[in-house]
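Novice: Okay, so here is run.cif, and as you'll see once you scroll down, it has mmCIF, C-alpha atoms.
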```cif
data_target
loop_
_atom_site.group_PDB
_atom_site.id
_atom_site.type_symbol
_atom_site.label_atom_id
_atom_site.label_comp_id
_atom_site.auth_asym_id
_atom_site.auth_seq_id
_atom_site.Cartn_x
_atom_site.Cartn_y
_atom_site.Cartn_z
ATOM 1 C CA MET G 352 0.000 0.000 0.000
ATOM 2 C CA GLU G 353 1.253 3.370 -1.023
ATOM 3 C CA GLY G 354 4.088 3.962 1.427
ATOM 4 C CA ARG G 355 2.357 1.796 4.040
ATOM 5 C CA SER G 356 -0.627 3.733 5.239
ATOM 6 C CA LEU G 357 0.183 3.604 8.971
ATOM 7 C CA GLY G 358 -3.521 4.191 9.569
ATOM 8 C CA ILE G 359 -3.632 7.389 7.496
ATOM 9 C CA ASP G 360 -6.089 8.342 4.743
ATOM 10 C CA ALA G 361 -4.113 8.791 1.484
ATOM 11 C CA LEU G 362 -6.165 11.853 0.450
ATOM 12 C CA THR G 363 -6.667 13.840 3.643
ATOM 13 C CA CYS G 364 -3.646 12.575 5.627
ATOM 14 C CA LYS G 365 -6.013 12.177 8.599
ATOM 15 C CA PRO G 366 -6.411 8.977 10.661
ATOM 16 C CA LEU G 367 -8.460 6.187 9.128
ATOM 17 C CA HIS G 368 -11.905 5.663 10.687
ATOM 18 C CA ASN G 369 -13.937 2.502 11.113
ATOM 19 C CA GLY G 370 -15.284 1.476 7.741
ATOM 20 C CA TRP G 371 -12.272 2.758 5.771
ATOM 21 C CA ASN G 372 -11.663 1.349 2.286
ATOM 22 C CA LEU G 373 -8.690 -0.374 0.720
ATOM 23 C CA HIS G 374 -9.002 1.337 -2.667
ATOM 24 C CA HIS G 375 -7.799 -0.571 -5.717
ATOM 25 C CA LYS G 376 -6.413 2.143 -8.022
ATOM 26 C CA ASP G 377 -6.639 0.001 -11.178
ATOM 27 C CA LEU G 378 -10.379 -0.031 -11.874
ATOM 28 C CA ARG G 379 -10.171 -2.476 -14.781
ATOM 29 C CA HIS G 380 -12.082 -5.541 -13.618
ATOM 30 C CA GLU G 381 -9.592 -7.940 -15.187
ATOM 31 C CA HIS G 382 -6.816 -6.457 -13.012
ATOM 32 C CA TYR G 383 -8.609 -6.779 -9.676
ATOM 33 C CA LYS G 384 -6.662 -9.956 -8.973
ATOM 34 C CA ASP G 385 -3.359 -8.046 -9.176
ATOM 35 C CA LEU G 386 -2.670 -7.557 -5.492
ATOM 36 C CA SER G 387 0.545 -5.548 -5.872
ATOM 37 C CA PRO G 388 0.760 -3.130 -2.931
ATOM 38 C CA GLU G 389 1.333 -0.125 -5.233
ATOM 39 C CA ASN G 390 -2.133 -0.721 -6.727
ATOM 40 C CA PHE G 391 -3.855 0.126 -3.432
ATOM 41 C CA CYS G 392 -4.315 3.029 -1.058
ATOM 42 C CA CYS G 393 -6.224 3.390 2.208
ATOM 43 C CA LEU G 394 -9.097 5.861 2.212
ATOM 44 C CA ASN G 395 -11.822 6.871 4.614
ATOM 45 C CA SER G 396 -15.287 6.331 3.171
ATOM 46 C CA LYS G 397 -15.847 10.000 2.230
ATOM 47 C CA SER G 398 -12.440 10.211 0.509
ATOM 48 C CA HIS G 399 -13.210 6.998 -1.364
ATOM 49 C CA GLU G 400 -16.589 8.390 -2.407
ATOM 50 C CA ALA G 401 -15.030 11.672 -3.589
ATOM 51 C CA ILE G 402 -12.375 9.917 -5.670
ATOM 52 C CA HIS G 403 -14.902 7.640 -7.359
ATOM 53 C CA PHE G 404 -17.161 10.650 -8.019
ATOM 54 C CA LEU G 405 -14.395 12.775 -9.576
ATOM 55 C CA TYR G 406 -12.516 10.097 -11.505
ATOM 56 C CA PRO G 407 -14.902 9.790 -14.510
ATOM 57 C CA TYR G 408 -14.753 13.571 -14.975
ATOM 58 C CA TYR G 409 -10.979 13.647 -14.481
ATOM 59 C CA LYS G 410 -10.469 10.968 -17.164
ATOM 60 C CA LYS G 411 -12.177 13.245 -19.708
ATOM 61 C CA ASP G 412 -10.926 16.618 -18.432
ATOM 62 C CA LYS G 413 -7.749 16.910 -16.340
ATOM 63 C CA PHE G 414 -8.520 20.611 -15.682
ATOM 64 C CA ILE G 415 -11.293 19.616 -13.282
ATOM 65 C CA LEU G 416 -8.686 19.646 -10.504
ATOM 66 C CA GLU G 417 -7.739 23.245 -11.271
ATOM 67 C CA ARG G 418 -11.402 24.269 -11.219
ATOM 68 C CA LEU G 419 -11.934 22.403 -7.955
ATOM 69 C CA LYS G 420 -8.918 24.166 -6.428
ATOM 70 C CA LYS G 421 -10.253 27.545 -7.623
ATOM 71 C CA ILE G 422 -13.632 26.886 -5.978
ATOM 72 C CA LEU G 423 -11.998 25.716 -2.742
ATOM 73 C CA ASP G 424 -9.659 28.733 -2.716
ATOM 74 C CA GLU G 425 -12.630 31.060 -3.227
ATOM 75 C CA MET G 426 -14.516 29.349 -0.407
ATOM 76 C CA GLU G 427 -11.533 29.764 1.892
ATOM 77 C CA ALA G 428 -11.135 33.441 0.925
ATOM 78 C CA LEU G 429 -14.809 34.123 1.635
ATOM 79 C CA GLU G 430 -14.560 32.356 4.974
ATOM 80 C CA ASN G 431 -11.464 34.369 5.878
ATOM 81 C CA ASP G 432 -13.180 37.621 4.810
ATOM 82 C CA SER G 433 -16.162 36.881 7.043
ATOM 83 C CA LYS G 434 -13.831 36.297 10.016
ATOM 84 C CA ARG G 435 -12.341 39.763 9.575
ATOM 85 C CA LEU G 436 -15.706 41.517 9.908
#
```
Would you mind giving the structure from this file in structure tokens?

Specialist:
Amino acid sequence: MEGRSLGIDALTCKPLHNGWNLHHKDLRHEHYKDLSPENFCCLNSKSHEAIHFLYPYYKKDKFILERLKKILDEMEALENDSKRL
């Protein structure tokens, strides 16, 4: 598993919770039997859900990550602005 998880979610770098997922990164059904550690990462259920939600879009449009970052940056800026008031 990617650098040995040590109980850490590969996306958020936060501790794994009960019900975490061992995510197989090669989604081709015929490769599910390939149990090479580098093909897996440990994810909390919400991280796993987010990755599976975004992946079909990402395959077609790599810029989705830039747009996601822009939205998250704008959210953070708005939150910071409201704290200054």

Novice: Calculated over only C-alpha atoms, which of the candidates G:Ala428, G:Lys397, G:Lys411, G:His382 has the smallest distance to Thr363 of chain G?

Specialist: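 Ranking G:Ala428, G:Lys397, G:Lys411, G:His382 by distance to Thr363 of chain G, first place goes to G:Lys397.
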
Novice: List the neighbours of Asp377 of chain G out to 12 Å using only C-alpha atoms; skip same-chain residues closer than 6 positions along the sequence, and give me the result as a list of chain:residue names.

Specialist: G:Tyr383, G:Lys384, G:Asp385, G:Leu386, G:Ser387, G:Pro388, G:Glu389, G:Asn390, G:Phe391, G:Cys392, G:His403, G:Tyr406

Novice: With the file shown as input, list the residues that the PyMOL selection byres ((chain G and resi 367-370) around 9) selects, as a PyMOL selection string.

Specialist: chain G and resi 358-360+364-366+371-372+393-396

Novice: So how many Å separate atom CA of Lys413 of chain G and atom CA of Asn431 of chain G, to one decimal?

Specialist: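 Interatomic distance here is 28.5 Å.
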
Novice: Could you check how far atom CA of Ser356 of chain G sits from atom CA of Tyr409 of chain G, in Å to one decimal?

Specialist: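 Result for atom CA of Ser356 of chain G versus atom CA of Tyr409 of chain G: 24.4 Å, one decimal.
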
Novice: Closest to Ala401 of chain G among G:Phe414, G:Asp432, G:Glu427, G:Leu419, using all atoms listed in the file?

Specialist: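 For Ala401 of chain G, the nearest of the given residues is G:Leu419.
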
Novice: Take atom CA of Tyr408 of chain G and atom CA of Glu381 of chain G and report the distance between them in Å, one decimal.

Specialist: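 Spanning atom CA of Tyr408 of chain G to atom CA of Glu381 of chain G is a straight-line distance of 22.1 Å.
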
Novice: For segment 375-380 of chain G, take all atoms listed in the file, fit an axis-aligned box around them, add 5 Å to each of the six sides, then output centre and edge lengths in Å rounded to one decimal, as AutoDock Vina command-line options.

Specialist:
```
--center_x -9.2 --center_y -1.7 --center_z -10.2 --size_x 15.7 --size_y 17.7 --size_z 19.1
```

Novice: Where atoms are absent from segment 412-427 of chain G, fill them in so it carries N, CA, C and O atoms, then output it as a CSV table (one decimal), in the frame of the given file.

Specialist:
```
chain,number,residue,atom,x,y,z
G,412,ASP,N,-11.3,15.2,-18.5
G,412,ASP,CA,-10.9,16.6,-18.4
G,412,ASP,C,-10.0,16.8,-17.2
G,412,ASP,O,-10.5,17.0,-16.1
G,413,LYS,N,-8.7,16.8,-17.4
G,413,LYS,CA,-7.7,16.9,-16.3
G,413,LYS,C,-7.8,18.3,-15.6
G,413,LYS,O,-7.4,18.4,-14.5
G,414,PHE,N,-8.4,19.3,-16.3
G,414,PHE,CA,-8.5,20.6,-15.7
G,414,PHE,C,-9.6,20.7,-14.6
G,414,PHE,O,-9.7,21.7,-13.9
G,415,ILE,N,-10.3,19.6,-14.4
G,415,ILE,CA,-11.3,19.6,-13.3
G,415,ILE,C,-10.6,19.9,-11.9
G,415,ILE,O,-11.2,20.5,-11.1
G,416,LEU,N,-9.4,19.4,-11.8
G,416,LEU,CA,-8.7,19.6,-10.5
G,416,LEU,C,-8.4,21.1,-10.3
G,416,LEU,O,-8.4,21.6,-9.2
G,417,GLU,N,-8.0,21.8,-11.4
G,417,GLU,CA,-7.7,23.2,-11.3
G,417,GLU,C,-9.0,24.0,-10.9
G,417,GLU,O,-9.0,24.9,-10.1
G,418,ARG,N,-10.1,23.6,-11.5
G,418,ARG,CA,-11.4,24.3,-11.2
G,418,ARG,C,-11.8,24.0,-9.8
G,418,ARG,O,-12.3,24.9,-9.1
G,419,LEU,N,-11.6,22.8,-9.3
G,419,LEU,CA,-11.9,22.4,-8.0
G,419,LEU,C,-11.1,23.2,-7.0
G,419,LEU,O,-11.6,23.8,-6.0
G,420,LYS,N,-9.8,23.4,-7.3
G,420,LYS,CA,-8.9,24.2,-6.4
G,420,LYS,C,-9.4,25.6,-6.4
G,420,LYS,O,-9.4,26.3,-5.3
G,421,LYS,N,-9.8,26.2,-7.6
G,421,LYS,CA,-10.3,27.5,-7.6
G,421,LYS,C,-11.5,27.7,-6.7
G,421,LYS,O,-11.6,28.7,-6.0
G,422,ILE,N,-12.4,26.8,-6.8
G,422,ILE,CA,-13.6,26.9,-6.0
G,422,ILE,C,-13.3,26.8,-4.5
G,422,ILE,O,-13.8,27.6,-3.7
G,423,LEU,N,-12.4,25.9,-4.1
G,423,LEU,CA,-12.0,25.7,-2.7
G,423,LEU,C,-11.2,26.9,-2.2
G,423,LEU,O,-11.5,27.4,-1.1
G,424,ASP,N,-10.4,27.5,-3.1
G,424,ASP,CA,-9.7,28.7,-2.7
G,424,ASP,C,-10.6,29.9,-2.5
G,424,ASP,O,-10.5,30.7,-1.6
G,425,GLU,N,-11.6,30.0,-3.4
G,425,GLU,CA,-12.6,31.1,-3.2
G,425,GLU,C,-13.4,30.9,-2.0
G,425,GLU,O,-13.8,31.8,-1.3
G,426,MET,N,-13.8,29.6,-1.6
G,426,MET,CA,-14.5,29.3,-0.4
G,426,MET,C,-13.7,29.8,0.8
G,426,MET,O,-14.2,30.4,1.7
G,427,GLU,N,-12.4,29.4,0.8
G,427,GLU,CA,-11.5,29.8,1.9
G,427,GLU,C,-11.4,31.3,2.0
G,427,GLU,O,-11.4,31.8,3.1
```
